[in-house]
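The structure file final-v9.cif is reproduced below (mmCIF, C-alpha atoms and all ligand atoms).
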```cif
data_final
#
loop_
_atom_site.label_atom_id
_atom_site.label_comp_id
_atom_site.auth_asym_id
_atom_site.auth_seq_id
_atom_site.Cartn_x
_atom_site.Cartn_y
_atom_site.Cartn_z
CA MET K 188 -34.11 3.82 -26.13
CA LEU K 189 -35.60 7.25 -26.73
CA GLN K 190 -34.86 7.70 -30.41
CA SER K 191 -35.22 4.01 -31.23
CA PRO K 192 -35.81 2.91 -34.80
CA LEU K 193 -39.18 1.52 -33.64
CA HIS K 194 -40.19 5.00 -32.60
CA LEU K 195 -39.72 6.12 -36.19
CA LEU K 196 -41.63 3.33 -37.94
CA PRO K 197 -44.78 4.29 -39.87
CA ARG K 198 -48.07 3.85 -38.01
CA LYS K 199 -51.41 2.84 -39.31
CA PRO K 200 -54.04 5.53 -38.70
CA MET K 201 -56.32 3.30 -36.60
CA ASN K 202 -53.44 2.60 -34.20
CA GLN K 203 -52.09 6.14 -34.05
CA ASN K 204 -54.25 7.60 -31.24
CA ILE K 205 -53.42 4.90 -28.74
CA ILE K 206 -49.73 4.98 -29.62
CA GLN K 207 -49.78 8.69 -28.89
CA LEU K 208 -51.41 8.10 -25.50
CA THR K 209 -48.75 5.52 -24.66
CA GLU K 210 -45.99 7.90 -25.58
CA GLU K 211 -47.45 10.73 -23.56
CA HIS K 212 -48.58 8.90 -20.45
CA VAL K 213 -46.96 5.48 -20.04
CA ALA K 214 -43.45 5.12 -18.59
CA GLY K 215 -41.03 4.81 -21.44
CA THR K 216 -39.49 1.51 -20.30
CA TYR K 217 -40.51 -0.45 -23.41
CA ASP K 218 -39.42 -0.11 -27.01
CA ARG K 219 -42.75 -0.98 -28.65
CA TYR K 220 -43.65 -1.98 -32.19
CA PRO K 221 -46.16 0.47 -33.67
CA ILE K 222 -49.29 -1.68 -33.47
CA VAL K 223 -52.04 -1.80 -30.86
CA VAL K 224 -53.08 -5.40 -30.26
CA THR K 225 -56.76 -5.51 -29.43
CA ARG K 226 -57.93 -9.07 -29.85
CA GLY K 227 -56.60 -12.62 -29.76
CA ARG K 228 -57.93 -16.07 -30.56
CA GLY K 229 -55.83 -19.23 -30.70
CA CYS K 230 -52.54 -18.47 -32.43
CA LYS K 231 -53.76 -15.20 -33.96
CA VAL K 232 -53.98 -11.61 -32.75
CA TRP K 233 -55.46 -8.55 -34.46
CA ASP K 234 -54.38 -4.94 -34.31
CA LYS K 235 -56.73 -1.98 -34.03
CA SER K 236 -57.01 -1.64 -37.80
CA GLY K 237 -58.18 -5.25 -37.99
CA LYS K 238 -54.96 -6.65 -39.47
CA PRO K 239 -54.30 -10.25 -38.32
CA TYR K 240 -50.94 -11.61 -37.19
CA VAL K 241 -49.86 -15.16 -36.43
CA ASP K 242 -48.26 -14.97 -33.01
CA PHE K 243 -44.84 -16.61 -32.54
CA VAL K 244 -44.16 -14.56 -29.40
CA SER K 245 -47.07 -15.68 -27.19
CA GLY K 246 -46.82 -12.67 -24.91
CA LEU K 247 -43.25 -13.83 -24.20
CA ALA K 248 -43.90 -17.51 -23.54
CA VAL K 249 -47.07 -16.78 -21.59
CA ASN K 250 -49.88 -17.80 -23.93
CA ASN K 251 -48.82 -21.43 -24.25
CA LEU K 252 -52.42 -22.42 -24.99
CA GLY K 253 -52.88 -19.56 -27.43
CA HIS K 254 -55.12 -16.58 -26.84
CA CYS K 255 -58.40 -16.84 -24.97
CA HIS K 256 -58.38 -20.62 -24.69
CA PRO K 257 -62.04 -21.55 -24.00
CA SER K 258 -61.24 -23.63 -20.88
CA VAL K 259 -59.18 -20.82 -19.37
CA VAL K 260 -61.79 -18.19 -20.23
CA ALA K 261 -64.54 -20.33 -18.69
CA ALA K 262 -62.53 -20.87 -15.50
CA ILE K 263 -61.81 -17.16 -15.15
CA LYS K 264 -65.47 -16.23 -15.73
CA LYS K 265 -66.69 -18.78 -13.23
CA GLN K 266 -64.20 -17.76 -10.55
CA ALA K 267 -64.71 -14.03 -11.15
CA GLU K 268 -68.38 -14.42 -10.39
CA LYS K 269 -67.65 -16.29 -7.16
CA LEU K 270 -64.57 -14.74 -5.53
CA ILE K 271 -61.78 -12.70 -7.12
CA HIS K 272 -59.54 -11.97 -4.17
CA VAL K 273 -59.25 -12.86 -0.54
CA SER K 274 -56.27 -12.56 1.76
CA ASN K 275 -53.86 -15.34 2.65
CA LEU K 276 -55.12 -14.82 6.19
CA TYR K 277 -57.59 -17.53 5.07
CA HIS K 278 -57.50 -20.76 3.11
CA ILE K 279 -58.14 -20.44 -0.62
CA GLU K 280 -59.62 -23.44 -2.39
CA SER K 281 -58.11 -22.99 -5.86
CA GLN K 282 -54.70 -22.19 -4.32
CA SER K 283 -54.68 -25.41 -2.30
CA ARG K 284 -55.78 -27.43 -5.33
CA LEU K 285 -53.16 -25.79 -7.55
CA ALA K 286 -50.41 -26.50 -5.02
CA GLU K 287 -51.52 -30.12 -4.84
CA LYS K 288 -51.48 -30.33 -8.64
CA LEU K 289 -48.05 -28.68 -9.05
CA THR K 290 -46.46 -30.90 -6.43
CA SER K 291 -47.96 -34.03 -7.92
CA LEU K 292 -46.58 -33.03 -11.32
CA SER K 293 -43.06 -32.15 -10.14
CA PHE K 294 -40.23 -32.98 -7.74
CA ALA K 295 -41.59 -30.45 -5.26
CA ASP K 296 -43.37 -30.95 -1.94
CA LYS K 297 -44.54 -27.39 -1.30
CA ILE K 298 -45.31 -24.22 -3.27
CA PHE K 299 -45.06 -20.52 -2.43
CA PHE K 300 -47.28 -18.36 -4.66
CA CYS K 301 -46.51 -14.87 -5.93
CA ASN K 302 -47.33 -12.84 -9.05
CA SER K 303 -44.37 -12.87 -11.42
CA GLY K 304 -41.09 -14.47 -12.34
CA THR K 305 -38.94 -11.92 -10.64
CA GLU K 306 -40.88 -12.40 -7.41
CA ALA K 307 -40.43 -16.15 -7.65
CA ILE K 308 -36.67 -15.56 -7.89
CA GLU K 309 -36.73 -13.19 -4.90
CA SER K 310 -38.55 -15.90 -2.99
CA ALA K 311 -35.91 -18.46 -3.94
CA ILE K 312 -33.09 -16.15 -2.83
CA LYS K 313 -34.81 -15.44 0.49
CA LEU K 314 -35.60 -19.11 1.09
CA THR K 315 -31.97 -20.05 0.44
CA ARG K 316 -30.75 -17.47 2.96
CA LYS K 317 -33.27 -18.57 5.55
CA TYR K 318 -32.52 -22.27 5.04
CA PHE K 319 -28.82 -21.88 5.83
CA PHE K 320 -29.56 -19.42 8.65
CA ASP K 321 -31.80 -22.05 10.25
CA ARG K 322 -28.99 -24.59 9.98
CA GLY K 323 -26.55 -22.27 11.69
CA GLN K 324 -24.57 -21.92 8.47
CA SER K 325 -25.01 -18.21 7.90
CA GLU K 326 -21.54 -18.06 6.33
CA LYS K 327 -23.09 -19.68 3.26
CA THR K 328 -24.15 -16.58 1.33
CA ASP K 329 -22.69 -16.80 -2.19
CA ILE K 330 -24.99 -17.51 -5.14
CA ILE K 331 -23.51 -18.64 -8.44
CA THR K 332 -25.38 -17.61 -11.59
CA MET K 333 -24.60 -17.84 -15.30
CA CYS K 334 -23.52 -15.32 -17.93
CA ASN K 335 -26.43 -14.39 -20.23
CA SER K 336 -28.94 -15.49 -17.63
CA PHE K 337 -32.18 -13.62 -17.08
CA HIS K 338 -33.96 -13.78 -13.76
CA GLY K 339 -36.01 -10.57 -13.60
CA ARG K 340 -35.86 -6.84 -12.88
CA THR K 341 -36.31 -6.37 -9.13
CA LEU K 342 -33.03 -5.78 -7.34
CA GLY K 343 -32.39 -9.31 -6.09
CA ALA K 344 -33.30 -10.96 -9.38
CA LEU K 345 -31.42 -8.25 -11.26
CA SER K 346 -28.33 -9.00 -9.18
CA ALA K 347 -28.72 -12.66 -10.14
CA THR K 348 -29.02 -11.73 -13.82
CA ALA K 349 -25.50 -11.86 -15.23
CA GLN K 350 -25.92 -9.37 -18.09
CA LYS K 351 -24.25 -6.02 -17.73
CA LYS K 352 -26.78 -4.24 -19.98
CA PHE K 353 -29.52 -4.69 -17.38
CA HIS K 354 -27.33 -3.45 -14.51
CA VAL K 355 -26.21 -0.12 -15.94
CA GLY K 356 -27.57 2.74 -13.85
CA PHE K 357 -28.87 0.56 -11.02
CA GLU K 358 -25.75 -0.28 -9.09
CA PRO K 359 -24.90 -1.06 -6.36
CA LEU K 360 -26.61 -4.43 -6.71
CA LEU K 361 -26.91 -7.09 -4.01
CA PRO K 362 -23.50 -8.43 -3.04
CA ARG K 363 -22.35 -12.07 -3.10
CA PHE K 364 -23.43 -13.08 -6.60
CA LYS K 365 -20.74 -14.80 -8.66
CA TYR K 366 -21.13 -14.95 -12.43
CA ILE K 367 -19.64 -17.79 -14.45
CA PRO K 368 -19.95 -18.91 -18.09
CA PHE K 369 -23.05 -20.98 -18.88
CA ASP K 370 -22.69 -24.66 -19.76
CA ASP K 371 -19.11 -24.76 -18.46
CA LEU K 372 -18.81 -27.31 -15.66
CA GLN K 373 -15.12 -26.59 -15.13
CA ALA K 374 -15.96 -22.94 -14.39
CA ALA K 375 -18.58 -24.08 -11.87
CA ARG K 376 -16.08 -26.41 -10.18
CA LYS K 377 -13.66 -23.51 -9.82
CA ALA K 378 -16.25 -21.04 -8.55
CA ILE K 379 -17.99 -23.15 -5.91
CA THR K 380 -16.71 -22.89 -2.33
CA ARG K 381 -17.97 -23.79 1.14
CA LYS K 382 -19.49 -20.29 1.20
CA THR K 383 -21.71 -21.07 -1.80
CA CYS K 384 -25.33 -21.40 -0.74
CA ALA K 385 -26.86 -21.94 -4.19
CA VAL K 386 -26.32 -22.41 -7.89
CA LEU K 387 -29.09 -20.75 -9.91
CA VAL K 388 -29.50 -21.74 -13.55
CA GLU K 389 -32.02 -21.77 -16.38
CA PRO K 390 -31.67 -25.27 -17.89
CA ILE K 391 -32.42 -23.52 -21.18
CA GLN K 392 -31.58 -19.83 -21.19
CA GLY K 393 -34.45 -17.83 -22.68
CA GLU K 394 -33.67 -14.13 -22.94
CA GLY K 395 -29.97 -14.99 -23.16
CA GLY K 396 -30.46 -16.55 -26.60
CA VAL K 397 -32.27 -19.91 -26.24
CA ASN K 398 -29.04 -21.55 -25.06
CA ILE K 399 -29.45 -25.21 -24.24
CA ALA K 400 -27.36 -26.72 -21.46
CA ALA K 401 -25.72 -30.08 -22.11
CA PRO K 402 -27.16 -32.95 -20.03
CA SER K 403 -23.72 -33.61 -18.52
CA TYR K 404 -23.57 -29.98 -17.37
CA ILE K 405 -26.87 -29.99 -15.51
CA ARG K 406 -26.10 -33.40 -13.96
CA GLY K 407 -22.60 -32.18 -13.08
CA LEU K 408 -24.04 -29.09 -11.34
CA LYS K 409 -26.29 -31.32 -9.26
CA LYS K 410 -23.33 -33.45 -8.10
CA LEU K 411 -21.27 -30.35 -7.42
CA CYS K 412 -24.04 -28.84 -5.29
CA GLN K 413 -24.45 -32.06 -3.33
CA LYS K 414 -20.72 -32.31 -2.70
CA ASN K 415 -20.47 -28.70 -1.50
CA GLY K 416 -23.70 -28.52 0.48
CA ALA K 417 -25.26 -25.93 -1.85
CA LEU K 418 -28.82 -25.80 -3.16
CA LEU K 419 -29.59 -26.21 -6.84
CA ILE K 420 -32.21 -23.76 -8.15
CA PHE K 421 -33.74 -24.09 -11.61
CA ASP K 422 -35.36 -21.01 -13.09
CA GLU K 423 -38.14 -22.47 -15.24
CA VAL K 424 -40.08 -19.24 -15.58
CA GLN K 425 -39.72 -19.42 -19.37
CA SER K 426 -38.93 -23.10 -19.96
CA GLY K 427 -41.82 -24.48 -17.89
CA PHE K 428 -45.32 -25.65 -18.78
CA GLY K 429 -44.68 -27.58 -21.94
CA ARG K 430 -42.45 -25.09 -23.71
CA THR K 431 -39.69 -27.65 -24.23
CA GLY K 432 -42.05 -30.53 -24.97
CA LYS K 433 -41.81 -31.67 -21.34
CA LEU K 434 -43.90 -30.13 -18.59
CA PHE K 435 -40.64 -28.85 -17.06
CA ALA K 436 -37.26 -28.59 -18.77
CA TYR K 437 -35.54 -30.37 -15.88
CA GLU K 438 -37.25 -33.58 -17.02
CA LEU K 439 -35.11 -33.42 -20.18
CA TYR K 440 -32.08 -33.64 -17.90
CA ASP K 441 -33.32 -36.27 -15.47
CA THR K 442 -32.14 -33.96 -12.73
CA LYS K 443 -34.22 -32.60 -9.88
CA PRO K 444 -33.41 -29.26 -8.26
CA ASP K 445 -34.04 -28.31 -4.64
CA ILE K 446 -35.98 -25.22 -5.70
CA MET K 447 -37.71 -24.23 -8.94
CA THR K 448 -39.20 -20.92 -10.02
CA MET K 449 -42.22 -20.67 -12.33
CA ALA K 450 -44.41 -17.92 -13.77
CA LYS K 451 -45.10 -16.86 -17.39
CA ALA K 452 -47.32 -19.62 -18.84
CA LEU K 453 -48.65 -20.91 -15.52
CA GLY K 454 -51.75 -18.72 -15.42
CA GLY K 455 -52.78 -19.00 -19.07
CA GLY K 456 -52.29 -15.22 -19.35
CA ILE K 457 -53.24 -14.20 -15.81
CA ALA K 458 -50.34 -12.97 -13.68
CA ILE K 459 -49.06 -15.64 -11.32
CA GLY K 460 -45.66 -16.78 -10.12
CA ALA K 461 -44.64 -19.68 -7.95
CA MET K 462 -41.64 -21.11 -6.19
CA ALA K 463 -41.54 -24.85 -5.63
CA GLY K 464 -39.27 -26.67 -3.21
CA THR K 465 -38.63 -29.87 -1.36
CA ASN K 466 -39.87 -30.22 2.23
CA GLN K 467 -36.28 -30.02 3.41
CA VAL K 468 -35.89 -26.42 2.23
CA MET K 469 -39.51 -25.26 2.40
CA LYS K 470 -39.68 -25.96 6.12
CA SER K 471 -37.68 -22.74 6.57
CA PHE K 472 -40.55 -20.66 5.24
CA VAL K 473 -42.56 -20.56 8.46
CA ALA K 474 -45.40 -18.14 9.23
CA GLY K 475 -44.37 -14.52 8.91
CA THR K 476 -41.15 -15.08 6.93
CA HIS K 477 -42.41 -14.18 3.45
CA ALA K 478 -45.65 -13.04 1.82
CA ALA K 479 -47.40 -11.57 -1.21
CA THR K 480 -50.79 -9.88 -0.96
CA PHE K 481 -52.01 -11.19 -4.32
CA GLY K 482 -49.96 -14.41 -4.18
CA GLY K 483 -52.15 -17.41 -4.99
CA ASN K 484 -55.35 -15.42 -5.34
CA PRO K 485 -58.50 -17.31 -6.37
CA LEU K 486 -58.69 -15.88 -9.90
CA ALA K 487 -55.09 -16.58 -10.90
CA CYS K 488 -55.12 -20.05 -9.35
CA SER K 489 -58.35 -21.02 -11.13
CA ALA K 490 -56.86 -19.86 -14.44
CA ALA K 491 -53.71 -21.87 -13.68
CA LEU K 492 -55.68 -25.01 -12.81
CA ALA K 493 -57.54 -24.80 -16.13
CA THR K 494 -54.27 -24.20 -18.01
CA LEU K 495 -52.53 -27.15 -16.37
CA LYS K 496 -55.48 -29.41 -17.09
CA VAL K 497 -55.08 -28.78 -20.82
CA ILE K 498 -51.26 -29.01 -20.88
CA THR K 499 -51.25 -32.28 -18.94
CA GLY K 500 -54.11 -33.67 -21.00
CA LYS K 501 -53.77 -36.88 -22.99
CA ASN K 502 -51.42 -36.52 -25.98
CA PHE K 503 -51.00 -32.74 -25.57
CA LEU K 504 -47.22 -32.79 -25.01
CA ARG K 505 -46.71 -35.60 -27.49
CA LYS K 506 -48.19 -33.32 -30.13
CA VAL K 507 -46.05 -30.38 -28.98
CA ASN K 508 -42.97 -32.55 -29.50
CA ALA K 509 -44.04 -33.70 -32.95
CA THR K 510 -44.83 -30.15 -34.10
CA GLY K 511 -41.60 -28.89 -32.50
CA ILE K 512 -39.56 -31.43 -34.45
CA TYR K 513 -41.29 -30.34 -37.64
CA PHE K 514 -40.62 -26.64 -36.87
CA LEU K 515 -36.94 -27.35 -36.15
CA LYS K 516 -36.62 -29.26 -39.40
CA ARG K 517 -38.10 -26.35 -41.37
CA LEU K 518 -35.77 -23.89 -39.62
CA LYS K 519 -32.80 -26.09 -40.51
CA GLU K 520 -33.87 -25.91 -44.16
CA ILE K 521 -33.83 -22.11 -43.90
CA ALA K 522 -30.37 -22.27 -42.34
CA ARG K 523 -29.02 -24.36 -45.21
CA GLU K 524 -30.27 -21.88 -47.78
CA ASN K 525 -29.26 -18.67 -45.99
CA PRO K 526 -25.62 -17.94 -45.18
CA VAL K 527 -26.72 -15.20 -42.72
CA VAL K 528 -27.98 -17.95 -40.40
CA LYS K 529 -25.21 -18.98 -38.02
CA GLU K 530 -27.06 -21.60 -36.01
CA VAL K 531 -30.47 -23.16 -35.41
CA ARG K 532 -31.25 -24.49 -31.95
CA GLY K 533 -34.09 -25.37 -29.67
CA ALA K 534 -36.13 -27.93 -27.79
CA GLY K 535 -39.83 -28.55 -28.26
CA MET K 536 -41.44 -25.22 -29.09
CA PHE K 537 -38.54 -23.16 -27.71
CA LEU K 538 -36.58 -22.37 -30.88
CA ALA K 539 -34.14 -19.86 -32.29
CA LEU K 540 -32.18 -18.84 -35.36
CA GLU K 541 -28.90 -17.11 -34.59
CA LEU K 542 -27.87 -14.73 -37.36
CA ASN K 543 -24.42 -13.35 -38.07
CA GLN K 544 -25.93 -9.85 -38.10
CA PRO K 545 -28.71 -7.92 -36.29
CA GLY K 546 -32.20 -9.37 -36.69
CA HIS K 547 -34.24 -6.26 -36.02
CA GLU K 548 -35.21 -5.68 -39.67
CA ILE K 549 -36.38 -9.26 -40.06
CA VAL K 550 -38.75 -8.85 -37.11
CA ILE K 551 -40.25 -5.70 -38.65
CA ASP K 552 -40.52 -7.31 -42.08
CA CYS K 553 -42.28 -10.35 -40.62
CA MET K 554 -44.63 -8.11 -38.65
CA ASN K 555 -45.58 -6.16 -41.75
CA ARG K 556 -46.32 -9.46 -43.43
CA GLY K 557 -48.50 -10.74 -40.59
CA PHE K 558 -46.14 -12.73 -38.33
CA LEU K 559 -44.99 -11.73 -34.85
CA ILE K 560 -41.54 -12.95 -33.85
CA ASN K 561 -38.94 -11.35 -31.62
CA CYS K 562 -35.23 -10.74 -31.56
CA ILE K 563 -33.03 -11.14 -28.50
CA GLN K 564 -29.33 -10.46 -27.93
CA ARG K 565 -29.46 -8.34 -31.14
CA ASN K 566 -29.00 -11.26 -33.50
CA VAL K 567 -31.08 -14.19 -32.26
CA LEU K 568 -34.58 -14.65 -33.68
CA ARG K 569 -36.64 -16.42 -31.03
CA PHE K 570 -39.71 -18.52 -31.81
CA ILE K 571 -41.99 -19.26 -28.85
CA PRO K 572 -45.42 -19.74 -30.42
CA PRO K 573 -48.47 -21.06 -28.59
CA LEU K 574 -47.89 -24.80 -28.14
CA ILE K 575 -50.99 -25.42 -30.26
CA ILE K 576 -49.46 -23.84 -33.38
CA SER K 577 -50.28 -25.68 -36.62
CA ARG K 578 -47.89 -26.89 -39.30
CA LYS K 579 -49.72 -24.60 -41.70
CA ASP K 580 -48.86 -21.53 -39.59
CA ILE K 581 -45.27 -22.75 -39.27
CA ASP K 582 -45.07 -23.12 -43.05
CA GLY K 583 -46.47 -19.61 -43.39
CA LEU K 584 -43.79 -18.14 -41.16
CA VAL K 585 -41.02 -20.17 -42.78
CA SER K 586 -41.94 -18.88 -46.21
CA VAL K 587 -41.98 -15.23 -45.06
CA LEU K 588 -38.76 -15.73 -43.09
CA SER K 589 -36.80 -17.26 -45.94
CA ASP K 590 -37.90 -14.45 -48.18
CA SER K 591 -36.89 -11.88 -45.60
CA LEU K 592 -33.53 -13.53 -44.86
CA ALA K 593 -32.75 -13.82 -48.56
CA LYS K 594 -32.84 -10.01 -48.70
CA LEU K 595 -30.19 -9.90 -45.94
CA ASN K 596 -28.02 -12.40 -47.82
CA ASP K 597 -28.03 -10.05 -50.80
CA ASN K 598 -26.82 -7.08 -48.75
C1 LIG H 1 -39.29 -13.63 -17.85
C2 LIG H 1 -38.34 -14.31 -16.94
C3 LIG H 1 -38.18 -13.92 -15.60
C4 LIG H 1 -38.90 -12.71 -15.03
O1 LIG H 1 -40.27 -12.87 -15.04
P1 LIG H 1 -41.24 -11.60 -14.79
O2 LIG H 1 -42.59 -12.21 -14.67
O3 LIG H 1 -41.09 -10.70 -15.98
O4 LIG H 1 -40.78 -10.94 -13.56
C5 LIG H 1 -37.35 -14.66 -14.79
N1 LIG H 1 -36.67 -15.72 -15.27
C6 LIG H 1 -36.79 -16.13 -16.55
C7 LIG H 1 -36.04 -17.32 -17.01
C8 LIG H 1 -37.61 -15.43 -17.43
O5 LIG H 1 -37.69 -15.80 -18.71
#
```
So, in terms of structure tokens, how does the structure I just supplied come out?
Ligand SMILES: *Cc1c(COP(=O)(O)O)cnc(C)c1O
Amino acid sequence: MLQSPLHLLPRKPMNQNIIQLTEEHVAGTYDRYPIVVTRGRGCKVWDKSGKPYVDFVSGLAVNNLGHCHPSVVAAIKKQAEKLIHVSNLYHIESQSRLAEKLTSLSFADKIFFCNSGTEAIESAIKLTRKYFFDRGQSEKTDIITMCNSFHGRTLGALSATAQKKFHVGFEPLLPRFKYIPFDDLQAARKAITRKTCAVLVEPIQGEGGVNIAAPSYIRGLKKLCQKNGALLIFDEVQSGFGRTGKLFAYELYDTKPDIMTMAKALGGGIAIGAMAGTNQVMKSFVAGTHAATFGGNPLACSAALATLKVITGKNFLRKVNATGIYFLKRLKEIARENPVVKEVRGAGMFLALELNQPGHEIVIDCMNRGFLINCIQRNVLRFIPPLIISRKDIDGLVSVLSDSLAKLNDN
């Protein structure tokens, strides 16, 4: 990380001072591109020198409504003037309303609120343990997760994340996690035992490369869990809130989990996480079993309510689907013209180009030319723009991308 190529990139003078402060005083856990983003509006952000960028990263699938959406800003302002935080020792109006909304929009009966994706995963792991403990089945402790999954960075979620690169230096991890290949039902059949308490899966893997599970796989996992008395947990931290063209990715699979984790886009940019479950499992979370000081605070919940109102508005998701289909079609054109592209895949506005070589240079080239994209797993370009992205902005990116990829083809 230390001597990363990003570290060596040229910096624009207006951004230089802040970059220096970061390097001197902020923990070095992030490899950052050399721009300071100071302002955002819709699908655009500006750096400190005033240069605009069209944002196809969305703060990592957070800004699904774009930057500073007026309804979200208004809700935050209004709530901030009334009550920002109060403890869960008391009832919180926007929290109760948000829980009602989330349960009415999903399979779930009850919600536990926290502040991030990783915390939602921790909550799901703890709830699973407690559920089987309450049933007198404390021998059920094994959790099956998938290779190339990503569930977060705290120790429980890290243990669930089946990618060696995130584990190095932090072992020993939590015991009793079993990793199997993603989208391989046979592997799941082999791995599941009467000791399995849960199968945890992202229906569409995000950080792992935008890998889309087959419908038969997700339905097969459900049957397998039912047969073996294990819980099915969907991690929708990245795939939720319209990203796939459905409110939740599980709707694409016609398969309901027992537990679902959410975060990223839920708060329209304000930190919030949530774990949703059926009454059957949630009844194990009784008073005193789990908590989060900031979980479900008035400000975050008001922002989330405003966000959900827009996403579930008339025709919103229909439009996301139409634009997503257009984006996919344009990416397929790029693939046909560029032999460096190995595969195009995606659902809704959750899209990727897999290259047969590293994609780092493409990301930098696009950034210099005013488009933010990101590269995961070294060679997968991921596109997760605000769901309100226009065809014009997509065309803009596609033209810069094809130009940039053509240079790779020539190498
Ligand atoms: C980002 C992500 C997480 C972790 O969320 P944080 O808010 O960063 O803790 C967990 N699961 C998935 C699928 C994610 O994409």
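Distance annotation: of K:Ala417, K:Val241, K:Ala436, K:Leu252, the residue with the minimal separation from ligand LIG 1 (chain H) is K:Ala436; atom set is all atoms listed in the file.
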* ligand LIG 1 (chain H): which residues are within 6 Å, counting only C-alpha atoms and all ligand atoms, as an NGL selection string? -> :K and (303-305 or 337-339 or 393 or 422-425 or 451)
Can you spit out the residues from that selection as a PDB file, keeping the file's coordinate frame, using C-alpha atoms?
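Saved the output as result12.pdb:
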```pdb
ATOM      1  CA  SER K 303     -44.370 -12.870 -11.420  1.00  0.00           C
ATOM      2  CA  GLY K 304     -41.090 -14.470 -12.340  1.00  0.00           C
ATOM      3  CA  THR K 305     -38.940 -11.920 -10.640  1.00  0.00           C
ATOM      4  CA  PHE K 337     -32.180 -13.620 -17.080  1.00  0.00           C
ATOM      5  CA  HIS K 338     -33.960 -13.780 -13.760  1.00  0.00           C
ATOM      6  CA  GLY K 339     -36.010 -10.570 -13.600  1.00  0.00           C
ATOM      7  CA  GLY K 393     -34.450 -17.830 -22.680  1.00  0.00           C
ATOM      8  CA  ASP K 422     -35.360 -21.010 -13.090  1.00  0.00           C
ATOM      9  CA  GLU K 423     -38.140 -22.470 -15.240  1.00  0.00           C
ATOM     10  CA  VAL K 424     -40.080 -19.240 -15.580  1.00  0.00           C
ATOM     11  CA  GLN K 425     -39.720 -19.420 -19.370  1.00  0.00           C
ATOM     12  CA  LYS K 451     -45.100 -16.860 -17.390  1.00  0.00           C
TER      13      LYS K 451
END
```
* Point-to-point distance in Å for CA of Leu559 (chain K) and CA of Thr209 (chain K) -> 20.4 Å
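Put simply, CA of Thr332 (chain K) is 18.3 Å away from CA of Phe319 (chain K).
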* To do: Would you mind reading off the distance between CA of Arg226 (chain K) and CA of Pro572 (chain K), one decimal, in Å?
  =>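 That distance, rounded to one decimal, is 16.5 Å.
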* What would the list of residues within 9 Å of (-46.9, -28.6, -39.5) (file frame) look like as a list in words, if all atoms listed in the file are what count? ->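 Looking at atoms near the point gives Ala509, Thr510, Gly511, Tyr513, Phe514, Ile576, Ser577, Arg578, Lys579, Asp580, Ile581 and Asp582 of chain K.
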* To do: Would you list the contacts of Arg316 (chain K) as a ChimeraX atom specification, taking every protein, DNA or RNA residue within 12 Å and counting all atoms listed in the file, but skipping same-chain residues closer than 2 positions in sequence?
  => /K:309-314,318-330,363,382-385,417-418,468-469,471-472,476
